[in-house]
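Engineer: Sharing a structure with you now.
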Amino acid sequence: MHKLIFIALIFSFFSCNRDEAYQTTVNGKVIDIENYSPIAGATVYFMKQDQSNPGVYVHFHNTTTDANGQFSHSFTAQENYNYYTYATYQNYLINDFIFTLVGQSNRINILLTKPGFMAIHVKNTSPFNAADQINIYDSDYLKAEHIFNGSTIDTTIIITSYGNQTHPIKWKVTKNDTTITYNQSF
């Protein structure tokens, strides 16, 4: 009798699944953050991350939004994983990497942002000498992104701004050993 109970206990121990599975649903809408309109044809990605290896994300499914920007996906989630959802579409920027609750129905809105572009036309019609310089800083003020030395300049620079934010631009012009600094935001 004791052998029978012992065998039954061993059998039940090995038949238990240590990683419990949970039915999980994620549905929602992908939206343009500027005008809150739905984005049809966006790709929605589903990622999982093993809690014992937090730096690694594994893509396990993707779907495409319908004409109303909506999507839905159901899957069996394991409790030792974290799950995330994000979306992409054309040149839009990813705003959200959304955590998914395991074993539940998740209703989410994923917001995407269009990048902004600004064209700066840089032109100098006065002859430069070898010591003259124009520096344009478009990301931070520590390093010039565009440097022009000792020449006549007639060029256009395209600067990208990510998201609905103020973007500072600084430029320095050195002419005849005199430097003038200008600041502008857009």
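In the structure tokens, chains take the letters A, B, ... in the order shown, each chain's residues start at 1, and ligands count up from 1 in the order shown.
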Would you tabulate, counting only C-alpha atoms, all residues of stretch 28-66 of chain A that have an atom at most 8 Å from an atom of stretch 101-121 of chain A, showing the closest pair of atoms and their distance in Å to one decimal, sorted by chain then ascending number, as a Markdown table?
Structural biologist:
| residue | atom | partner | partner_atom | distance |
| --- | --- | --- | --- | --- |
| A:Gly28 | CA | A:Ile108 | CA | 4.7 |
| A:Lys29 | CA | A:Asn109 | CA | 4.9 |
| A:Val30 | CA | A:Ile110 | CA | 4.7 |
| A:Ile31 | CA | A:Leu111 | CA | 5.0 |
| A:Asp32 | CA | A:Leu112 | CA | 5.2 |
| A:Ile33 | CA | A:Leu111 | CA | 5.4 |
| A:Glu34 | CA | A:Thr113 | CA | 7.0 |
Engineer: Would you save the residues from that selection as an mmCIF file, in the first residue's frame, using N, CA and C atoms?
Structural biologist:
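Just written: again.cif:
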data_model
loop_
_atom_site.group_PDB
_atom_site.id
_atom_site.type_symbol
_atom_site.label_atom_id
_atom_site.label_comp_id
_atom_site.auth_asym_id
_atom_site.auth_seq_id
_atom_site.Cartn_x
_atom_site.Cartn_y
_atom_site.Cartn_z
ATOM 1 N N GLY A 28 -7.212 46.182 -29.311
ATOM 2 C CA GLY A 28 -7.179 47.632 -29.177
ATOM 3 C C GLY A 28 -7.095 48.304 -30.506
ATOM 4 N N LYS A 29 -6.493 49.500 -30.479
ATOM 5 C CA LYS A 29 -6.457 50.353 -31.660
ATOM 6 C C LYS A 29 -5.096 51.032 -31.736
ATOM 7 N N VAL A 30 -4.605 51.208 -32.959
ATOM 8 C CA VAL A 30 -3.389 51.982 -33.203
ATOM 9 C C VAL A 30 -3.834 53.351 -33.687
ATOM 10 N N ILE A 31 -3.304 54.407 -33.035
ATOM 11 C CA ILE A 31 -3.803 55.770 -33.227
ATOM 12 C C ILE A 31 -2.656 56.732 -33.539
ATOM 13 N N ASP A 32 -2.901 57.663 -34.451
ATOM 14 C CA ASP A 32 -1.987 58.772 -34.722
ATOM 15 C C ASP A 32 -2.136 59.764 -33.569
ATOM 16 N N ILE A 33 -1.071 60.011 -32.841
ATOM 17 C CA ILE A 33 -1.138 60.830 -31.627
ATOM 18 C C ILE A 33 -1.472 62.294 -31.928
ATOM 19 N N GLU A 34 -1.181 62.785 -33.129
ATOM 20 C CA GLU A 34 -1.430 64.191 -33.448
ATOM 21 C C GLU A 34 -2.910 64.505 -33.616
#
Engineer: Looking only at strand (DSSP E or B) from DSSP on the backbone, list the matching residues of stretch 17-182 of chain A as a PDB file with N, CA and C atoms, in the first residue's frame.
Structural biologist:
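Result went into out24.pdb, see below:
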ATOM      1  N   ALA A  21      -0.081  27.881 -17.714  1.00  0.00           N
ATOM      2  CA  ALA A  21      -0.477  28.609 -18.913  1.00  0.00           C
ATOM      3  C   ALA A  21      -1.785  29.350 -18.650  1.00  0.00           C
ATOM      4  N   TYR A  22      -1.886  30.558 -19.218  1.00  0.00           N
ATOM      5  CA  TYR A  22      -3.056  31.412 -19.022  1.00  0.00           C
ATOM      6  C   TYR A  22      -3.532  31.936 -20.363  1.00  0.00           C
ATOM      7  N   GLN A  23      -4.829  31.832 -20.600  1.00  0.00           N
ATOM      8  CA  GLN A  23      -5.395  32.402 -21.822  1.00  0.00           C
ATOM      9  C   GLN A  23      -5.391  33.919 -21.696  1.00  0.00           C
ATOM     10  N   THR A  24      -4.768  34.600 -22.652  1.00  0.00           N
ATOM     11  CA  THR A  24      -4.604  36.046 -22.620  1.00  0.00           C
ATOM     12  C   THR A  24      -5.062  36.631 -23.955  1.00  0.00           C
ATOM     13  N   THR A  25      -5.749  37.750 -23.887  1.00  0.00           N
ATOM     14  CA  THR A  25      -6.218  38.430 -25.091  1.00  0.00           C
ATOM     15  C   THR A  25      -5.745  39.877 -25.055  1.00  0.00           C
ATOM     16  N   VAL A  26      -5.252  40.332 -26.188  1.00  0.00           N
ATOM     17  CA  VAL A  26      -4.872  41.741 -26.344  1.00  0.00           C
ATOM     18  C   VAL A  26      -5.628  42.271 -27.548  1.00  0.00           C
ATOM     19  N   ASN A  27      -6.420  43.307 -27.337  1.00  0.00           N
ATOM     20  CA  ASN A  27      -7.084  43.954 -28.460  1.00  0.00           C
ATOM     21  C   ASN A  27      -7.057  45.458 -28.236  1.00  0.00           C
ATOM     22  N   GLY A  28      -7.212  46.182 -29.311  1.00  0.00           N
ATOM     23  CA  GLY A  28      -7.179  47.632 -29.177  1.00  0.00           C
ATOM     24  C   GLY A  28      -7.095  48.304 -30.506  1.00  0.00           C
ATOM     25  N   LYS A  29      -6.493  49.500 -30.479  1.00  0.00           N
ATOM     26  CA  LYS A  29      -6.457  50.353 -31.660  1.00  0.00           C
ATOM     27  C   LYS A  29      -5.096  51.032 -31.736  1.00  0.00           C
ATOM     28  N   VAL A  30      -4.605  51.208 -32.959  1.00  0.00           N
ATOM     29  CA  VAL A  30      -3.389  51.982 -33.203  1.00  0.00           C
ATOM     30  C   VAL A  30      -3.834  53.351 -33.687  1.00  0.00           C
ATOM     31  N   ILE A  31      -3.304  54.407 -33.035  1.00  0.00           N
ATOM     32  CA  ILE A  31      -3.803  55.770 -33.227  1.00  0.00           C
ATOM     33  C   ILE A  31      -2.656  56.732 -33.539  1.00  0.00           C
ATOM     34  N   ASP A  32      -2.901  57.663 -34.451  1.00  0.00           N
ATOM     35  CA  ASP A  32      -1.987  58.772 -34.722  1.00  0.00           C
ATOM     36  C   ASP A  32      -2.136  59.764 -33.569  1.00  0.00           C
ATOM     37  N   PRO A  38      -7.459  56.698 -36.350  1.00  0.00           N
ATOM     38  CA  PRO A  38      -6.961  55.325 -36.389  1.00  0.00           C
ATOM     39  C   PRO A  38      -5.991  55.139 -37.554  1.00  0.00           C
ATOM     40  N   THR A  43       1.384  47.448 -38.311  1.00  0.00           N
ATOM     41  CA  THR A  43       1.772  46.122 -37.843  1.00  0.00           C
ATOM     42  C   THR A  43       1.902  46.160 -36.326  1.00  0.00           C
ATOM     43  N   VAL A  44       1.204  45.255 -35.659  1.00  0.00           N
ATOM     44  CA  VAL A  44       1.236  45.155 -34.203  1.00  0.00           C
ATOM     45  C   VAL A  44       2.074  43.921 -33.845  1.00  0.00           C
ATOM     46  N   TYR A  45       3.084  44.122 -33.004  1.00  0.00           N
ATOM     47  CA  TYR A  45       4.008  43.057 -32.621  1.00  0.00           C
ATOM     48  C   TYR A  45       3.754  42.627 -31.187  1.00  0.00           C
ATOM     49  N   PHE A  46       3.886  41.346 -30.956  1.00  0.00           N
ATOM     50  CA  PHE A  46       3.735  40.767 -29.625  1.00  0.00           C
ATOM     51  C   PHE A  46       5.068  40.135 -29.241  1.00  0.00           C
ATOM     52  N   MET A  47       5.588  40.553 -28.100  1.00  0.00           N
ATOM     53  CA  MET A  47       6.903  40.111 -27.628  1.00  0.00           C
ATOM     54  C   MET A  47       6.755  39.470 -26.257  1.00  0.00           C
ATOM     55  N   LYS A  48       7.668  38.554 -25.953  1.00  0.00           N
ATOM     56  CA  LYS A  48       7.709  37.998 -24.603  1.00  0.00           C
ATOM     57  C   LYS A  48       9.134  38.085 -24.085  1.00  0.00           C
ATOM     58  N   GLN A  49       9.224  38.151 -22.766  1.00  0.00           N
ATOM     59  CA  GLN A  49      10.507  38.305 -22.095  1.00  0.00           C
ATOM     60  C   GLN A  49      10.535  37.337 -20.922  1.00  0.00           C
ATOM     61  N   ASP A  50      11.497  36.434 -20.927  1.00  0.00           N
ATOM     62  CA  ASP A  50      11.658  35.487 -19.831  1.00  0.00           C
ATOM     63  C   ASP A  50      12.122  36.280 -18.602  1.00  0.00           C
ATOM     64  N   VAL A  58      11.620  38.268 -27.178  1.00  0.00           N
ATOM     65  CA  VAL A  58      11.407  37.356 -28.294  1.00  0.00           C
ATOM     66  C   VAL A  58      10.064  37.660 -28.949  1.00  0.00           C
ATOM     67  N   HIS A  59      10.108  37.915 -30.251  1.00  0.00           N
ATOM     68  CA  HIS A  59       8.890  38.158 -31.020  1.00  0.00           C
ATOM     69  C   HIS A  59       8.184  36.819 -31.207  1.00  0.00           C
ATOM     70  N   PHE A  60       6.874  36.752 -30.897  1.00  0.00           N
ATOM     71  CA  PHE A  60       6.171  35.493 -31.083  1.00  0.00           C
ATOM     72  C   PHE A  60       4.945  35.609 -31.974  1.00  0.00           C
ATOM     73  N   HIS A  61       4.504  36.818 -32.320  1.00  0.00           N
ATOM     74  CA  HIS A  61       3.360  36.965 -33.215  1.00  0.00           C
ATOM     75  C   HIS A  61       3.265  38.417 -33.662  1.00  0.00           C
ATOM     76  N   ASN A  62       2.703  38.619 -34.853  1.00  0.00           N
ATOM     77  CA  ASN A  62       2.333  39.968 -35.266  1.00  0.00           C
ATOM     78  C   ASN A  62       1.045  39.881 -36.082  1.00  0.00           C
ATOM     79  N   THR A  63       0.352  41.009 -36.127  1.00  0.00           N
ATOM     80  CA  THR A  63      -0.895  41.103 -36.874  1.00  0.00           C
ATOM     81  C   THR A  63      -0.977  42.497 -37.475  1.00  0.00           C
ATOM     82  N   THR A  64      -1.947  42.715 -38.342  1.00  0.00           N
ATOM     83  CA  THR A  64      -2.128  44.003 -39.006  1.00  0.00           C
ATOM     84  C   THR A  64      -3.472  44.596 -38.603  1.00  0.00           C
ATOM     85  N   GLN A  70      -8.016  48.788 -35.742  1.00  0.00           N
ATOM     86  CA  GLN A  70      -8.187  47.843 -34.636  1.00  0.00           C
ATOM     87  C   GLN A  70      -7.450  46.527 -34.888  1.00  0.00           C
ATOM     88  N   PHE A  71      -7.102  45.869 -33.790  1.00  0.00           N
ATOM     89  CA  PHE A  71      -6.426  44.578 -33.851  1.00  0.00           C
ATOM     90  C   PHE A  71      -6.881  43.732 -32.669  1.00  0.00           C
ATOM     91  N   SER A  72      -6.631  42.427 -32.774  1.00  0.00           N
ATOM     92  CA  SER A  72      -6.934  41.514 -31.673  1.00  0.00           C
ATOM     93  C   SER A  72      -6.067  40.276 -31.819  1.00  0.00           C
ATOM     94  N   HIS A  73      -5.603  39.768 -30.688  1.00  0.00           N
ATOM     95  CA  HIS A  73      -4.824  38.529 -30.686  1.00  0.00           C
ATOM     96  C   HIS A  73      -5.012  37.834 -29.344  1.00  0.00           C
ATOM     97  N   SER A  74      -5.279  36.534 -29.387  1.00  0.00           N
ATOM     98  CA  SER A  74      -5.375  35.709 -28.180  1.00  0.00           C
ATOM     99  C   SER A  74      -4.258  34.684 -28.211  1.00  0.00           C
ATOM    100  N   PHE A  75      -3.702  34.426 -27.049  1.00  0.00           N
ATOM    101  CA  PHE A  75      -2.609  33.461 -26.966  1.00  0.00           C
ATOM    102  C   PHE A  75      -2.572  32.840 -25.578  1.00  0.00           C
ATOM    103  N   THR A  76      -1.848  31.756 -25.466  1.00  0.00           N
ATOM    104  CA  THR A  76      -1.655  31.103 -24.187  1.00  0.00           C
ATOM    105  C   THR A  76      -0.345  31.619 -23.597  1.00  0.00           C
ATOM    106  N   ALA A  77      -0.436  32.338 -22.499  1.00  0.00           N
ATOM    107  CA  ALA A  77       0.736  32.937 -21.857  1.00  0.00           C
ATOM    108  C   ALA A  77       1.213  32.057 -20.717  1.00  0.00           C
ATOM    109  N   GLN A  78       2.505  32.109 -20.478  1.00  0.00           N
ATOM    110  CA  GLN A  78       3.092  31.385 -19.348  1.00  0.00           C
ATOM    111  C   GLN A  78       3.439  32.385 -18.260  1.00  0.00           C
ATOM    112  N   TYR A  81       6.841  34.565 -17.885  1.00  0.00           N
ATOM    113  CA  TYR A  81       7.184  35.524 -18.936  1.00  0.00           C
ATOM    114  C   TYR A  81       6.427  36.830 -18.733  1.00  0.00           C
ATOM    115  N   ASN A  82       7.060  37.928 -19.153  1.00  0.00           N
ATOM    116  CA  ASN A  82       6.383  39.205 -19.281  1.00  0.00           C
ATOM    117  C   ASN A  82       6.050  39.371 -20.758  1.00  0.00           C
ATOM    118  N   TYR A  83       4.919  39.971 -21.055  1.00  0.00           N
ATOM    119  CA  TYR A  83       4.471  40.139 -22.434  1.00  0.00           C
ATOM    120  C   TYR A  83       4.276  41.614 -22.745  1.00  0.00           C
ATOM    121  N   TYR A  84       4.670  41.990 -23.967  1.00  0.00           N
ATOM    122  CA  TYR A  84       4.601  43.387 -24.392  1.00  0.00           C
ATOM    123  C   TYR A  84       4.026  43.470 -25.799  1.00  0.00           C
ATOM    124  N   THR A  85       3.439  44.613 -26.107  1.00  0.00           N
ATOM    125  CA  THR A  85       2.863  44.861 -27.421  1.00  0.00           C
ATOM    126  C   THR A  85       3.313  46.243 -27.887  1.00  0.00           C
ATOM    127  N   TYR A  86       3.656  46.354 -29.166  1.00  0.00           N
ATOM    128  CA  TYR A  86       3.949  47.656 -29.759  1.00  0.00           C
ATOM    129  C   TYR A  86       3.550  47.614 -31.226  1.00  0.00           C
ATOM    130  N   ALA A  87       3.559  48.765 -31.899  1.00  0.00           N
ATOM    131  CA  ALA A  87       3.130  48.826 -33.302  1.00  0.00           C
ATOM    132  C   ALA A  87       4.066  49.718 -34.103  1.00  0.00           C
ATOM    133  N   THR A  88       4.106  49.450 -35.412  1.00  0.00           N
ATOM    134  CA  THR A  88       4.849  50.293 -36.348  1.00  0.00           C
ATOM    135  C   THR A  88       3.979  50.556 -37.572  1.00  0.00           C
ATOM    136  N   LEU A  93       6.895  56.899 -35.555  1.00  0.00           N
ATOM    137  CA  LEU A  93       7.806  56.534 -34.479  1.00  0.00           C
ATOM    138  C   LEU A  93       7.057  55.790 -33.385  1.00  0.00           C
ATOM    139  N   ILE A  94       7.720  54.838 -32.767  1.00  0.00           N
ATOM    140  CA  ILE A  94       7.126  54.046 -31.691  1.00  0.00           C
ATOM    141  C   ILE A  94       7.102  54.889 -30.422  1.00  0.00           C
ATOM    142  N   ILE A  98       3.932  48.438 -24.598  1.00  0.00           N
ATOM    143  CA  ILE A  98       2.891  48.277 -23.577  1.00  0.00           C
ATOM    144  C   ILE A  98       2.950  46.907 -22.920  1.00  0.00           C
ATOM    145  N   PHE A  99       2.953  46.904 -21.598  1.00  0.00           N
ATOM    146  CA  PHE A  99       2.953  45.680 -20.800  1.00  0.00           C
ATOM    147  C   PHE A  99       1.586  45.021 -20.875  1.00  0.00           C
ATOM    148  N   THR A 100       1.559  43.709 -21.065  1.00  0.00           N
ATOM    149  CA  THR A 100       0.320  42.955 -21.177  1.00  0.00           C
ATOM    150  C   THR A 100       0.096  42.147 -19.908  1.00  0.00           C
ATOM    151  N   SER A 105      -8.049  39.853 -20.314  1.00  0.00           N
ATOM    152  CA  SER A 105      -8.339  40.517 -21.570  1.00  0.00           C
ATOM    153  C   SER A 105      -7.802  41.935 -21.447  1.00  0.00           C
ATOM    154  N   ASN A 106      -6.870  42.287 -22.316  1.00  0.00           N
ATOM    155  CA  ASN A 106      -6.222  43.593 -22.289  1.00  0.00           C
ATOM    156  C   ASN A 106      -6.765  44.457 -23.417  1.00  0.00           C
ATOM    157  N   ARG A 107      -7.268  45.635 -23.086  1.00  0.00           N
ATOM    158  CA  ARG A 107      -7.740  46.594 -24.094  1.00  0.00           C
ATOM    159  C   ARG A 107      -6.765  47.763 -24.068  1.00  0.00           C
ATOM    160  N   ILE A 108      -6.056  47.989 -25.176  1.00  0.00           N
ATOM    161  CA  ILE A 108      -5.021  49.022 -25.192  1.00  0.00           C
ATOM    162  C   ILE A 108      -5.145  49.894 -26.441  1.00  0.00           C
ATOM    163  N   ASN A 109      -4.658  51.118 -26.327  1.00  0.00           N
ATOM    164  CA  ASN A 109      -4.466  51.999 -27.472  1.00  0.00           C
ATOM    165  C   ASN A 109      -2.971  52.218 -27.616  1.00  0.00           C
ATOM    166  N   ILE A 110      -2.474  52.021 -28.822  1.00  0.00           N
ATOM    167  CA  ILE A 110      -1.059  52.232 -29.106  1.00  0.00           C
ATOM    168  C   ILE A 110      -0.952  53.524 -29.904  1.00  0.00           C
ATOM    169  N   LEU A 111      -0.186  54.474 -29.381  1.00  0.00           N
ATOM    170  CA  LEU A 111      -0.047  55.790 -30.002  1.00  0.00           C
ATOM    171  C   LEU A 111       1.249  55.848 -30.802  1.00  0.00           C
ATOM    172  N   LEU A 112       1.155  56.302 -32.050  1.00  0.00           N
ATOM    173  CA  LEU A 112       2.324  56.477 -32.897  1.00  0.00           C
ATOM    174  C   LEU A 112       2.461  57.954 -33.267  1.00  0.00           C
ATOM    175  N   THR A 113       3.695  58.391 -33.473  1.00  0.00           N
ATOM    176  CA  THR A 113       4.002  59.787 -33.762  1.00  0.00           C
ATOM    177  C   THR A 113       4.704  59.908 -35.106  1.00  0.00           C
ATOM    178  N   GLY A 116       8.786  65.142 -37.394  1.00  0.00           N
ATOM    179  CA  GLY A 116       8.710  66.435 -38.056  1.00  0.00           C
ATOM    180  C   GLY A 116      10.027  66.708 -38.771  1.00  0.00           C
ATOM    181  N   PHE A 117       9.970  67.423 -39.871  1.00  0.00           N
ATOM    182  CA  PHE A 117      11.166  67.742 -40.636  1.00  0.00           C
ATOM    183  C   PHE A 117      11.263  69.246 -40.830  1.00  0.00           C
ATOM    184  N   MET A 118      12.466  69.749 -40.767  1.00  0.00           N
ATOM    185  CA  MET A 118      12.689  71.160 -41.024  1.00  0.00           C
ATOM    186  C   MET A 118      13.883  71.286 -41.955  1.00  0.00           C
ATOM    187  N   ALA A 119      13.718  72.063 -42.997  1.00  0.00           N
ATOM    188  CA  ALA A 119      14.815  72.317 -43.926  1.00  0.00           C
ATOM    189  C   ALA A 119      15.431  73.662 -43.586  1.00  0.00           C
ATOM    190  N   ILE A 120      16.731  73.675 -43.419  1.00  0.00           N
ATOM    191  CA  ILE A 120      17.469  74.914 -43.158  1.00  0.00           C
ATOM    192  C   ILE A 120      18.371  75.165 -44.362  1.00  0.00           C
ATOM    193  N   HIS A 121      18.174  76.299 -44.991  1.00  0.00           N
ATOM    194  CA  HIS A 121      19.019  76.657 -46.118  1.00  0.00           C
ATOM    195  C   HIS A 121      20.151  77.529 -45.598  1.00  0.00           C
ATOM    196  N   VAL A 122      21.359  77.057 -45.755  1.00  0.00           N
ATOM    197  CA  VAL A 122      22.546  77.771 -45.292  1.00  0.00           C
ATOM    198  C   VAL A 122      23.226  78.357 -46.522  1.00  0.00           C
ATOM    199  N   LYS A 123      23.364  79.692 -46.518  1.00  0.00           N
ATOM    200  CA  LYS A 123      23.953  80.338 -47.679  1.00  0.00           C
ATOM    201  C   LYS A 123      24.812  81.505 -47.221  1.00  0.00           C
ATOM    202  N   ASN A 124      25.983  81.596 -47.789  1.00  0.00           N
ATOM    203  CA  ASN A 124      26.866  82.724 -47.550  1.00  0.00           C
ATOM    204  C   ASN A 124      27.329  83.228 -48.902  1.00  0.00           C
ATOM    205  N   GLN A 133      34.104  80.105 -40.476  1.00  0.00           N
ATOM    206  CA  GLN A 133      33.467  78.818 -40.175  1.00  0.00           C
ATOM    207  C   GLN A 133      32.001  79.024 -39.795  1.00  0.00           C
ATOM    208  N   ILE A 134      31.147  78.043 -40.160  1.00  0.00           N
ATOM    209  CA  ILE A 134      29.762  77.982 -39.686  1.00  0.00           C
ATOM    210  C   ILE A 134      29.572  76.609 -39.060  1.00  0.00           C
ATOM    211  N   ASN A 135      29.096  76.580 -37.815  1.00  0.00           N
ATOM    212  CA  ASN A 135      28.783  75.329 -37.108  1.00  0.00           C
ATOM    213  C   ASN A 135      27.294  75.326 -36.788  1.00  0.00           C
ATOM    214  N   ILE A 136      26.623  74.205 -37.082  1.00  0.00           N
ATOM    215  CA  ILE A 136      25.197  74.076 -36.769  1.00  0.00           C
ATOM    216  C   ILE A 136      25.029  72.890 -35.824  1.00  0.00           C
ATOM    217  N   TYR A 137      24.389  73.155 -34.677  1.00  0.00           N
ATOM    218  CA  TYR A 137      24.125  72.146 -33.652  1.00  0.00           C
ATOM    219  C   TYR A 137      22.636  71.850 -33.679  1.00  0.00           C
ATOM    220  N   HIS A 146      26.904  69.922 -38.222  1.00  0.00           N
ATOM    221  CA  HIS A 146      27.275  70.356 -39.571  1.00  0.00           C
ATOM    222  C   HIS A 146      28.325  71.445 -39.435  1.00  0.00           C
ATOM    223  N   ILE A 147      29.466  71.275 -40.086  1.00  0.00           N
ATOM    224  CA  ILE A 147      30.567  72.240 -40.003  1.00  0.00           C
ATOM    225  C   ILE A 147      30.988  72.622 -41.419  1.00  0.00           C
ATOM    226  N   PHE A 148      31.052  73.932 -41.672  1.00  0.00           N
ATOM    227  CA  PHE A 148      31.490  74.433 -42.965  1.00  0.00           C
ATOM    228  C   PHE A 148      32.683  75.350 -42.715  1.00  0.00           C
ATOM    229  N   ASN A 149      33.803  75.119 -43.409  1.00  0.00           N
ATOM    230  CA  ASN A 149      35.034  75.890 -43.220  1.00  0.00           C
ATOM    231  C   ASN A 149      35.467  76.540 -44.525  1.00  0.00           C
ATOM    232  N   ILE A 153      29.117  78.977 -49.165  1.00  0.00           N
ATOM    233  CA  ILE A 153      28.140  77.955 -48.792  1.00  0.00           C
ATOM    234  C   ILE A 153      26.805  78.246 -49.463  1.00  0.00           C
ATOM    235  N   ASP A 154      26.206  77.210 -50.019  1.00  0.00           N
ATOM    236  CA  ASP A 154      24.849  77.277 -50.542  1.00  0.00           C
ATOM    237  C   ASP A 154      24.299  75.855 -50.488  1.00  0.00           C
ATOM    238  N   THR A 155      23.720  75.479 -49.352  1.00  0.00           N
ATOM    239  CA  THR A 155      23.265  74.097 -49.148  1.00  0.00           C
ATOM    240  C   THR A 155      22.009  74.076 -48.284  1.00  0.00           C
ATOM    241  N   THR A 156      21.304  72.968 -48.305  1.00  0.00           N
ATOM    242  CA  THR A 156      20.124  72.780 -47.463  1.00  0.00           C
ATOM    243  C   THR A 156      20.368  71.597 -46.543  1.00  0.00           C
ATOM    244  N   ILE A 157      20.033  71.773 -45.277  1.00  0.00           N
ATOM    245  CA  ILE A 157      20.174  70.725 -44.260  1.00  0.00           C
ATOM    246  C   ILE A 157      18.776  70.337 -43.807  1.00  0.00           C
ATOM    247  N   ILE A 158      18.494  69.048 -43.740  1.00  0.00           N
ATOM    248  CA  ILE A 158      17.209  68.564 -43.240  1.00  0.00           C
ATOM    249  C   ILE A 158      17.415  68.073 -41.811  1.00  0.00           C
ATOM    250  N   ILE A 159      16.613  68.610 -40.887  1.00  0.00           N
ATOM    251  CA  ILE A 159      16.681  68.213 -39.485  1.00  0.00           C
ATOM    252  C   ILE A 159      15.368  67.540 -39.119  1.00  0.00           C
ATOM    253  N   THR A 160      15.463  66.394 -38.469  1.00  0.00           N
ATOM    254  CA  THR A 160      14.284  65.630 -38.059  1.00  0.00           C
ATOM    255  C   THR A 160      14.026  65.835 -36.582  1.00  0.00           C
ATOM    256  N   SER A 161      12.773  66.110 -36.251  1.00  0.00           N
ATOM    257  CA  SER A 161      12.356  66.225 -34.857  1.00  0.00           C
ATOM    258  C   SER A 161      11.419  65.067 -34.553  1.00  0.00           C
ATOM    259  N   PRO A 168      15.520  72.638 -30.224  1.00  0.00           N
ATOM    260  CA  PRO A 168      16.424  73.794 -30.280  1.00  0.00           C
ATOM    261  C   PRO A 168      17.487  73.623 -31.367  1.00  0.00           C
ATOM    262  N   ILE A 169      17.829  74.727 -31.986  1.00  0.00           N
ATOM    263  CA  ILE A 169      18.917  74.748 -32.964  1.00  0.00           C
ATOM    264  C   ILE A 169      19.823  75.914 -32.598  1.00  0.00           C
ATOM    265  N   LYS A 170      21.101  75.663 -32.668  1.00  0.00           N
ATOM    266  CA  LYS A 170      22.073  76.709 -32.368  1.00  0.00           C
ATOM    267  C   LYS A 170      23.079  76.725 -33.512  1.00  0.00           C
ATOM    268  N   TRP A 171      23.480  77.902 -33.943  1.00  0.00           N
ATOM    269  CA  TRP A 171      24.525  77.972 -34.937  1.00  0.00           C
ATOM    270  C   TRP A 171      25.468  79.102 -34.596  1.00  0.00           C
ATOM    271  N   LYS A 172      26.720  78.878 -34.944  1.00  0.00           N
ATOM    272  CA  LYS A 172      27.773  79.863 -34.713  1.00  0.00           C
ATOM    273  C   LYS A 172      28.385  80.221 -36.057  1.00  0.00           C
ATOM    274  N   VAL A 173      28.580  81.515 -36.246  1.00  0.00           N
ATOM    275  CA  VAL A 173      29.232  81.991 -37.458  1.00  0.00           C
ATOM    276  C   VAL A 173      30.496  82.727 -37.028  1.00  0.00           C
ATOM    277  N   THR A 174      31.625  82.283 -37.565  1.00  0.00           N
ATOM    278  CA  THR A 174      32.900  82.951 -37.306  1.00  0.00           C
ATOM    279  C   THR A 174      33.362  83.585 -38.608  1.00  0.00           C
ATOM    280  N   LYS A 175      33.506  84.913 -38.580  1.00  0.00           N
ATOM    281  CA  LYS A 175      33.919  85.662 -39.770  1.00  0.00           C
ATOM    282  C   LYS A 175      34.884  86.736 -39.318  1.00  0.00           C
ATOM    283  N   THR A 178      35.624  87.013 -35.598  1.00  0.00           N
ATOM    284  CA  THR A 178      34.520  87.358 -34.708  1.00  0.00           C
ATOM    285  C   THR A 178      33.480  86.252 -34.794  1.00  0.00           C
ATOM    286  N   THR A 179      33.041  85.713 -33.613  1.00  0.00           N
ATOM    287  CA  THR A 179      32.046  84.641 -33.579  1.00  0.00           C
ATOM    288  C   THR A 179      30.748  85.185 -33.031  1.00  0.00           C
ATOM    289  N   ILE A 180      29.653  84.905 -33.738  1.00  0.00           N
ATOM    290  CA  ILE A 180      28.314  85.276 -33.306  1.00  0.00           C
ATOM    291  C   ILE A 180      27.516  83.987 -33.167  1.00  0.00           C
ATOM    292  N   THR A 181      26.802  83.854 -32.038  1.00  0.00           N
ATOM    293  CA  THR A 181      26.000  82.666 -31.791  1.00  0.00           C
ATOM    294  C   THR A 181      24.531  83.014 -31.882  1.00  0.00           C
ATOM    295  N   TYR A 182      23.765  82.151 -32.558  1.00  0.00           N
ATOM    296  CA  TYR A 182      22.324  82.332 -32.722  1.00  0.00           C
ATOM    297  C   TYR A 182      21.616  81.119 -32.155  1.00  0.00           C
TER     298      TYR A 182
END
Engineer: As a ChimeraX atom specification, which residues of chain A does DSSP assign to alpha helix (DSSP H)?
Structural biologist: /A:2-15
Engineer: Please compute the atom CA of A:Asn183-atom CA of A:Asp132 distance, one decimal, in Å.
Structural biologist: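 It comes out at 19.3 Å.
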